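*Asks:* I am attaching a structure below and will ask some questions about it afterwards.
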Amino acid sequence: MLDSVLALAGMVFKENFRKRVIHVFLGVAVLILIWAATFNVFTLGVQVKFLKDISLTAIRIIGVLITLTATAGQLSNEYQHRTIYPLLAKPVSRFQILIGKFIGAIYVIYLNIFILGAIFLGLLYYRQHFLDVMTAEAIYLIALECGVLAAMCLFFSTFFSTAANVCASFLLYVIGQLKFGYGNYIAHRFETPGVGWGVSLIQNPLLPPNMEYFNIGDAIVSGAPVPVSFMVNATLYGVGLIVFYLILANLVFLRRDI
Amino acid sequence: MMEPVIKTNALSKTYKNKKNNNNFPALNQLELEIQPGEIYGFLGPNGAGKTTTIKLILGFIFPDSGSISLLGHPASDVAVRKKIGYMPEVANYYWFLKAGELMNAYGKMHQLDSQTRKERCRDLLAKVGLAGKENTLLKEFSKGMLQRFSLAQALLNEPELLILDEPASGLDPVGRREIREIILDLHQKGVTIFFSSHELSAVEMISTRVGILNKGKLVKEGSLLELLPSTRKMRVILQNHLSPEAITRLERKVNSLIPSVEKPIFQATVEQNETILLLEERDHLYPLMRVLEEEKLPLEAVTPLRETLEDIFMKSIQEEK
């Protein structure tokens, strides 16, 4: 069973890694990191904050773009181009296909985030002269956030077209980033039952996922401590969401006529 | 009797269009039994349900009712696909993968060891005329090359049952001939082959049994001998354009050799550069040949005048209408 899953993951990885658009995203992110590290206008303290702020934002945005590129068409493109048929005719279950697709996409996403994270931490080390573990934690949470987005995207990919999936996933990602901060503001600003009900509906923990939870950029930039318990909770929440979306994806994919 | 390789029981499938609430019944109580070692040609006009049947057999879609067994197992059993090869109608593969990489990945799914994967990949690509293309990206393959690759990947696991959906589509005449030869070679090795096709001549050439599907129902099924019974009628084509007088003379001479027959033994049709003689009785061919030799009339061809698979196919479709 594992062999089939890994074979499929390998296919997804190789196919995605040869797509020029991912190389472009990676190149743009690297340029932003280098630019932020060499932008010598501020004093050293401010310079480091600027580097962290810009770099974490760049890694997050590029991570999201790579995630959407690598995952949004995983199944919809297979349906559209009919590449799914020879695959389904092999002795692999639909669940294995789904897991293989997810692992392959995650492999691409995490490799890119790892490369960007390593470059960023290296540049930070060059500036600060010590290894910044808290910043590494922020990168870890970006990776977890991308994992959640990838699982959600894969779920949508079971029934949406690629374009619809990119739009829906990105919209839900943005809502997930804003749903508590701006959601509470909107509920407070427009004190009507309808708005309050709508905001509380959006603020459920599953759809859209609470992406704000994985964003500790502000704390890192300002130097505020991030407790271990928070990291554990974020990990459990992220992994839980990934499992939740993969189960939903399996339920849809398992009974779908293709 | 051996267990059928494919067996469907009252298989039905209706496609539901949610937008306009129209339902399209694609298959209606289909009963199929494919025996081991057969080459079964599955025919039907567009929309008859051929691809739907293949999709149901392979578990791409689910039946509304009925059941399917493959090699004695339920079709839903994933493990049975280790013994099945499938070549889809549209040969589309992952553009950014190399031919060898995809063969290798498919081989892993079939749980073949590394050495076997390597050898079979090389041998099968060579067999379908793609020798040395292991490291070529699939996006660089032409339509015909993809079709050939499609057949190679279907044979990777040395299947007991090979399902081919329009195997010759997109191939030039050389490619079609090569595919036919590969199919016949596999048949010699005992592989059961189930294939759908529009190309009736190819089906007639290689099938041991044929099923004709129309509007989701199997309207005719049988071996080629059953469907195309032998005939007594013969067609004789002469190179010359014969005048009516020459035809009358010919009739008279032939009839004089067969005293038991009073009426003319053939009907003649004269075309621009040839004359076609239609004989009702094969035995009358020999006296006719003797006269033709005497008259020094050059012969173009002599063929039995039997129905072709195309005739049977058209008749079956018309009857249903």
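Following the order of the structure tokens, first chain is A, next is B, and so on, with residues numbered from 1 inside each chain and ligands from 1 in the order they appear.
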Within 12 Å of chain B, which residues of chain A show up when using only C-alpha atoms, listed as a ChimeraX atom specification?

*Replies:* /A:1-20,74,77-97,100,253-258

*Asks:* If we count only C-alpha atoms, what is near segment 210-217 of chain B at a cut-off of 8 Å, once residues fewer than 4 positions away on the same chain are taken out, given as a PDB file with C-alpha atoms, in the first residue's frame?

*Replies:*
```pdb
ATOM      1  CA  PRO B  25     -30.076   5.756 -19.758  1.00  0.00           C
ATOM      2  CA  ALA B  26     -26.622   4.659 -20.909  1.00  0.00           C
ATOM      3  CA  LEU B  27     -26.909   0.941 -20.084  1.00  0.00           C
ATOM      4  CA  ASN B  28     -29.974  -1.185 -19.630  1.00  0.00           C
ATOM      5  CA  GLN B  29     -29.738  -4.596 -17.936  1.00  0.00           C
ATOM      6  CA  LEU B  30     -26.517  -5.525 -19.716  1.00  0.00           C
ATOM      7  CA  TYR B  40     -14.035  -9.862 -27.712  1.00  0.00           C
ATOM      8  CA  GLY B  41     -14.854  -6.959 -30.009  1.00  0.00           C
ATOM      9  CA  PHE B  42     -17.353  -4.620 -28.455  1.00  0.00           C
ATOM     10  CA  LEU B  43     -19.137  -2.615 -31.132  1.00  0.00           C
ATOM     11  CA  GLY B  44     -21.735   0.071 -31.156  1.00  0.00           C
ATOM     12  CA  PRO B  45     -22.505   3.517 -32.525  1.00  0.00           C
ATOM     13  CA  GLY B  47     -23.455   6.851 -27.329  1.00  0.00           C
ATOM     14  CA  ALA B  48     -24.347   3.141 -27.371  1.00  0.00           C
ATOM     15  CA  GLY B  49     -22.757   2.632 -23.937  1.00  0.00           C
ATOM     16  CA  LYS B  50     -19.420   1.010 -24.822  1.00  0.00           C
ATOM     17  CA  VAL B 203     -12.720  -6.095 -35.347  1.00  0.00           C
ATOM     18  CA  GLU B 221     -23.555 -11.335 -29.917  1.00  0.00           C
ATOM     19  CA  GLY B 222     -21.682 -14.290 -31.276  1.00  0.00           C
ATOM     20  CA  SER B 223     -18.552 -15.602 -32.909  1.00  0.00           C
ATOM     21  CA  LEU B 224     -17.725 -14.326 -36.365  1.00  0.00           C
ATOM     22  CA  PHE B 313     -23.711  -3.989 -37.557  1.00  0.00           C
ATOM     23  CA  SER B 316     -28.654  -4.609 -35.951  1.00  0.00           C
ATOM     24  CA  ILE B 317     -28.739  -0.860 -35.468  1.00  0.00           C
ATOM     25  CA  GLU B 320     -33.417  -1.442 -33.105  1.00  0.00           C
TER      26      GLU B 320
END
```

*Asks:* With a distance cut-off of 10 Å and only C-alpha atoms, select the neighbouring residues of segment 201-209 of chain A, excluding the residue or stretch itself and same-chain residues fewer than 6 positions from it, and output the selection as a list in words.

*Replies:* Glu145, Val148, Leu149, Met152, Ser169, Leu171, Leu172, Tyr173, Val174, Ile175, Gly176, Gln177, Leu178, Lys179, Phe180, Gly183, Asn184, Val195, Tyr237, Gly238, Gly240, Leu241, Phe244 and Tyr245 of chain A

*Asks:* Using N, CA and C atoms, can you export the residues from the last selection as a short mmCIF file (atom, residue, chain, number, x, y, z; two decimals), in the first residue's frame?

*Replies:*
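Below is the file again-v9.cif, written as the result:
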```
data_model
loop_
_atom_site.label_atom_id
_atom_site.label_comp_id
_atom_site.auth_asym_id
_atom_site.auth_seq_id
_atom_site.Cartn_x
_atom_site.Cartn_y
_atom_site.Cartn_z
N GLU A 145 0.31 25.98 8.14
CA GLU A 145 -0.80 26.69 7.49
C GLU A 145 -0.93 26.25 6.01
N VAL A 148 -2.55 22.90 5.81
CA VAL A 148 -4.01 22.99 5.98
C VAL A 148 -4.64 23.46 4.67
N LEU A 149 -4.02 24.49 4.07
CA LEU A 149 -4.54 25.02 2.81
C LEU A 149 -4.49 23.94 1.72
N MET A 152 -7.31 21.51 2.27
CA MET A 152 -8.59 22.12 1.90
C MET A 152 -8.72 22.19 0.37
N SER A 169 -10.45 28.59 -2.61
CA SER A 169 -9.44 28.35 -1.57
C SER A 169 -8.77 29.65 -1.14
N LEU A 171 -10.03 32.68 -1.38
CA LEU A 171 -11.03 33.49 -0.65
C LEU A 171 -11.16 32.99 0.79
N LEU A 172 -11.26 31.69 0.94
CA LEU A 172 -11.41 31.13 2.30
C LEU A 172 -10.12 31.34 3.11
N TYR A 173 -8.99 31.32 2.42
CA TYR A 173 -7.72 31.58 3.12
C TYR A 173 -7.73 33.01 3.67
N VAL A 174 -8.15 33.96 2.83
CA VAL A 174 -8.17 35.37 3.25
C VAL A 174 -9.19 35.55 4.38
N ILE A 175 -10.38 34.96 4.22
CA ILE A 175 -11.40 35.06 5.28
C ILE A 175 -10.84 34.44 6.57
N GLY A 176 -10.15 33.31 6.40
CA GLY A 176 -9.56 32.63 7.55
C GLY A 176 -8.51 33.47 8.25
N GLN A 177 -7.85 34.34 7.50
CA GLN A 177 -6.85 35.23 8.10
C GLN A 177 -7.50 36.38 8.86
N LEU A 178 -8.72 36.73 8.43
CA LEU A 178 -9.34 37.95 8.95
C LEU A 178 -10.53 37.68 9.86
N LYS A 179 -10.99 36.43 9.94
CA LYS A 179 -12.33 36.19 10.49
C LYS A 179 -12.47 36.56 11.96
N PHE A 180 -11.40 36.51 12.72
CA PHE A 180 -11.55 36.91 14.12
C PHE A 180 -11.26 38.40 14.30
N GLY A 183 -13.61 40.16 11.80
CA GLY A 183 -14.96 39.65 12.07
C GLY A 183 -15.54 40.28 13.31
N ASN A 184 -14.74 40.32 14.37
CA ASN A 184 -15.23 40.93 15.63
C ASN A 184 -15.47 42.42 15.43
N VAL A 195 -25.86 40.30 11.01
CA VAL A 195 -24.40 40.40 10.88
C VAL A 195 -23.72 39.57 11.96
N TYR A 237 -4.25 21.70 16.16
CA TYR A 237 -5.31 22.30 15.35
C TYR A 237 -5.01 22.09 13.86
N GLY A 238 -3.79 22.34 13.47
CA GLY A 238 -3.40 22.20 12.06
C GLY A 238 -3.53 20.76 11.58
N GLY A 240 -5.28 18.42 12.92
CA GLY A 240 -6.71 18.06 12.98
C GLY A 240 -7.43 18.54 11.73
N LEU A 241 -7.13 19.77 11.33
CA LEU A 241 -7.78 20.32 10.12
C LEU A 241 -7.39 19.52 8.88
N PHE A 244 -9.28 16.38 8.91
CA PHE A 244 -10.68 16.67 8.63
C PHE A 244 -10.92 16.86 7.13
N TYR A 245 -10.08 17.67 6.49
CA TYR A 245 -10.26 17.92 5.06
C TYR A 245 -9.98 16.68 4.21
#
```

*Asks:* Would you please work out which residue, of B:Leu242, B:Leu200, B:Leu225, B:Met289, is nearest to Glu166 of chain B when using only C-alpha atoms?

*Replies:*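 Nearest to Glu166 of chain B: B:Leu200.
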
*Asks:* Rounded to one decimal place, report the atom CA of Ile182 of chain B-atom CA of Val128 of chain B distance in Å.

*Replies:*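 Calculated distance between atom CA of Ile182 of chain B and atom CA of Val128 of chain B is 8.4 Å.
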
*Asks:* Measure the distance from atom CA of Ser67 of chain B to atom CA of Leu11 of chain B in Å and round it to one decimal.

*Replies:*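 We find that atom CA of Ser67 of chain B and atom CA of Leu11 of chain B lie 6.1 Å from each other.
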
*Asks:* As number ranges by chain, please: all residues of segment 88-284 of chain B that backbone DSSP puts in strand (DSSP E).

*Replies:* B: 161-165, 192-196, 209-214, 217-223, 234-238, 266-270, 275-279

*Asks:* List the spatial neighbours of Phe39 of chain A as a PyMOL selection string - criterion: any atom at most 10 Å away, only C-alpha atoms, same-chain residues fewer than 6 positions off excluded.

*Replies:* chain A and resi 33+47+50-51

*Asks:* Could you turn the residues from that selection into a file that holds N, CA and C atoms, as a short mmCIF file (atom, residue, chain, number, x, y, z; two decimals), in the first residue's frame?

*Replies:*
```cif
data_model
loop_
_atom_site.label_atom_id
_atom_site.label_comp_id
_atom_site.auth_asym_id
_atom_site.auth_seq_id
_atom_site.Cartn_x
_atom_site.Cartn_y
_atom_site.Cartn_z
N LEU A 33 13.85 38.22 -0.13
CA LEU A 33 14.62 37.97 1.10
C LEU A 33 15.98 38.69 1.03
N GLN A 47 16.31 47.31 11.50
CA GLN A 47 16.66 46.53 10.29
C GLN A 47 16.26 45.07 10.45
N PHE A 50 12.54 44.74 10.33
CA PHE A 50 12.11 44.90 8.93
C PHE A 50 12.37 43.61 8.14
N LEU A 51 13.56 43.07 8.36
CA LEU A 51 13.92 41.81 7.66
C LEU A 51 12.94 40.70 8.01
#
```

*Asks:* Can you pull out the residues contacting Ala99 of chain B? Cut-off 8 Å, using only C-alpha atoms, and skip same-chain residues under 5 positions away; I want them as a list in words.

*Replies:*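 Near Ala99 of chain B, the qualifying residues are Lys133, Glu134, Asn135, Thr136, Leu137, Leu138 and Phe149 of chain B.
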
*Asks:* Which is closest to Gly122 of chain A among A:Ala70, A:Ile186, A:Ala37, A:Ile247, if we use only C-alpha atoms?

*Replies:* A:Ala37

*Asks:* Point out the residue among B:Glu119, B:Glu178, B:Glu274, B:Glu226 with the least atom-to-atom distance to Leu297 of chain B, counting only C-alpha atoms.

*Replies:*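 The closest residue to Leu297 of chain B is B:Glu274.
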
*Asks:* Which value, in Å to one decimal, gives the distance between atom CA of Leu141 of chain A and atom CA of Thr71 of chain A?

*Replies:*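 That distance, rounded to one decimal, is 18.8 Å.
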
*Asks:* Using only C-alpha atoms, determine which residues lie at most 12 Å from Ser243 of chain B, disregarding the query and same-chain residues fewer than 6 positions distant; provide the list as a count of residues only.

*Replies:* 10

*Asks:* Here is a test: counting only C-alpha atoms, which residue of B:Ile39, B:Ile193, B:Cys121, B:Ala202 is nearest to Pro159 of chain B?

*Replies:* B:Ile193

*Asks:* Could you pull out the helix (DSSP H, G or I) residues of segment 174-204 of chain B, going by DSSP on the backbone, and write them as a list in words?

*Replies:*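 Everything in segment 174-204 of chain B that counts as helix (DSSP H, G or I) is Val174, Gly175, Arg176, Arg177, Glu178, Ile179, Arg180, Glu181, Ile182, Ile183, Leu184, Asp185, Leu186, His187, Gln188, Leu200, Ser201, Ala202, Val203 and Glu204 of chain B.
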